[in-house]
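Peer 1: Quick one: the structure is below, and I'll ask about it shortly.
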There are 2 protein chains.
Amino acid sequence: MRPLILITNDDGVNAKGIRTLTDVAMEFGDVVVMAPILNASGKSHSLTSERPLRVNDIKKSPELSIYACDGTPVDCIKLAVEYFCPRRPNLVLSGINHGSNSSINVLYSGTMGAVIEATALDIDAIGFSLLNHNPEADFSSSLPYVRHIIDKVLKDGLPDNVSLNVNIPRLPAKDIKGIRICHEAKARWLDSFVQRTDPLGRPYWWLTGKFECINPPESSDEWALANGYVSVVPTCPDFTHYESINKLKHLAL
Amino acid sequence: MRPLILITNDDGVNAKGIRTLTDVAMEFGDVVVMAPILNASGKSHSLTSERPLRVNDIKKSPELSIYACDGTPVDCIKLAVEYFCPRRPNLVLSGINHGSNSSINVLYSGTMGAVIEATALDIDAIGFSLLNHNPEADFSSSLPYVRHIIDKVLKDGLPDNVSLNVNIPRLPAKDIKGIRICHEAKARWLDSFVQRTDPLGRPYWWLTGKFECINPPESSDEWALANGYVSVVPTCPDFTHYESINKLKHLAL
């Protein structure tokens with residue numbers, strides 16, 4: 001039996017990135033797509049609990065089924081694994097995201113929320129992002145790397161409790177230098193909101209922000225991307241800062 | 001000048017838990033509360049980008065200002081730090097949450113999303129949660145631990161890039177054995193959705209779930225809580241699984 005690959009994203013089921021990823025995945029196995037109906041960027045690991053979810057069947061066949069859900073990317077993974085996949089998926093893919101999910105962006109990312117949820121469910125998972133927000137972005141120079149990484153992971157598997165966060169620089173194929181295994185760079189978003197006044201004179205605040213990443217080390221994803229490499233970060237659904245456990249013993253009672 | 005303490009939560013600005021935490025925080029400094037107008041549980045680290053945010057002033061004084069925002073807990077922290085705090089906060093507190101944020105729940109938690117955002121902004125931050133979902137939960141046995149931890153963190157600070165996730169068992173004060181510094185237990189939520197049929201015969205899926213945590217080790221938060229201790233987990237806004245970086249070198253190109 002061919003591997004079953006479950007795919008989602010946060011840009012929505014009709015985005016060019018998920019259609020591209022679906023085409024590649026079908027070279028490797030049967031595919032189920034369950035993705036948000038509309039854009040769900042910035043939804044992180046959020047769940048929908050205050051209302052029920054609906055699902056539209058867009059296409060159903062043994063090789064490729066496509067469903068659109070009105071929930072978050074994490075909802076999509078949970079719901080697809082429990083109700084819509086004909087068997088347990090061998091691999092979850094998310095993306096290809098239109099825009100970076102490197103460094104701290106992984107925290108906010110719905111694309112990576114879905115990947116980390118799959119890991120928590122003990123399914124190997126990979127998030128792919130291209131550093132290009134354009135809805136018509138050209139994914140062609142990403143494809144050799146997407147193929148290479150899917151192939152390796154299907155053959156070798158991933159370490160327990162680990163998924164991959166893959167970011168691809170916005171460069172022509174000939175200028176991409178290769179793949180580096182990295183850690184997240186320390187970074188943050190500042191100047192997050194602009195304040196404006198509505199036509200009735202009342203204030204409102206709208207999300208914006210300036211990305212700040214100072215001198216990322218050569219071992220980090222930001223350095224890799226800025227220097228023409230595809231970055232691969234092993235990610236894990238555990239926020240514990242293990243080195244601090246001993247340092248904080250004075251807090252114990 | 002007294003320390004400035006910024007407070008948020010995910011149960012909403014009117015929850016008993018945030019009112020309790022505000023009362024305690026005012027013993028230590030001036031307080032700004034900026035919290036979601038309504039319940040924002042399960043919002044994780046999500047941001048609001050598709051629409052502007054509005055803020056209601058509930059109370060304004062030098063010692064205590066309270067604002068309600070129609071965004072997520074992470075929105076609340078960003079917006080308060082940039083526009084509503086009279087000076088840079090010395091400490092961010094989130095909670096007291098009505099319900100557990102131990103082990104994998106930290107991923108989904110709006111309470112902890114806000115804490116981790118504060119850490120990314122280089123502000124010391126603590127999330128408090130009581131293992132009791134009841135809106136009328138009795139927080140009295142939590143208060144000595146909340147006071148102790150706030151006091152220690154204001155005096156000693158926290159390690160760089162580290163915040164605290166504090167969970168308190170649902171026990172009378174005399175039965176709480178103390179505080180343990182822990183790591184997150186490995187756990188997951190299964191059977192996440194129930195499928196039902198609406199009055200017009202169409203299917204819908206509603207979030208539910210069964211928590212699974214098998215044999216948590218004595219070093220973990222689930223063990224501490226099950227054995228009558230307050231758990232304190234040092235958390236960090238970095239999902240990198242550092243030990244896997246070398247194991248994955250074969251993926252590099």
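Labels used: A, B, ... for chains in the order of the structure tokens, numbers from 1 for residues in each chain, and numbers from 1 for ligands as shown.
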Could the residues of chain A within 6 Å of chain B, counting only C-alpha atoms, be given as a PyMOL selection string, please?
Peer 2: chain A and resi 42-47+49+52-54+108+178-180+183+204-207+234-236+239-241+252-253
Peer 1: Just want the 12 Å neighbourhood of Pro135 (chain B), counted on only C-alpha atoms, with same-chain residues fewer than 5 positions away dropped. Output as a list of chain:residue names.
Peer 2: B:Asp11, B:Gly12, B:Asn14, B:Ala15, B:Lys16, B:Gly17, B:Ile18, B:Arg19, B:Asn39, B:Ile96, B:Asn97, B:His98, B:Gly99, B:Leu130
Peer 1: How would you write, as a count of residues only, the set of residues in region 23-249 of chain B that DSSP gives as alpha helix (DSSP H)?
Peer 2: 49
Peer 1: Can you measure CA of Lys210 (chain A) to CA of Gly157 (chain B) for me? One decimal in Å is fine.
Peer 2: 27.2 Å
Peer 1: List every residue of region 43-179 of chain A that DSSP, applied to the backbone of this structure, assigns to strand (DSSP E), and report them as a PyMOL selection string.
Peer 2: chain A and resi 55-59+64-69+91-98+125-130+163-168+178-179
Peer 1: Could you check how far CA of Phe211 (chain B) sits from CA of Asn132 (chain B), in Å to one decimal?
Peer 2: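 The value is 15.2 Å.
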Peer 1: Write out as a ChimeraX atom specification each polymer residue whose atoms come within 12 Å of Leu4 (chain A), counting only C-alpha atoms; drop sequence neighbours fewer than 2 positions from it.
Peer 2: /A:1-2,6-7,25-33,62-65,81,84-93,123-124,154
Peer 1: For CA of Asp156 (chain A) and CA of Asn9 (chain A), determine how far apart the two atoms are, in Å to one decimal place.
Peer 2: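 Separation between CA of Asp156 (chain A) and CA of Asn9 (chain A): 24.0 Å.
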Peer 1: Using only C-alpha atoms, pick whichever of A:Ala125, A:Gly209, A:Val24, A:Asp10 has the shortest atom-to-atom distance to Pro144 (chain A).
Peer 2: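 Between A:Ala125, A:Gly209, A:Val24, A:Asp10, the residue approaching Pro144 (chain A) most closely is A:Val24.
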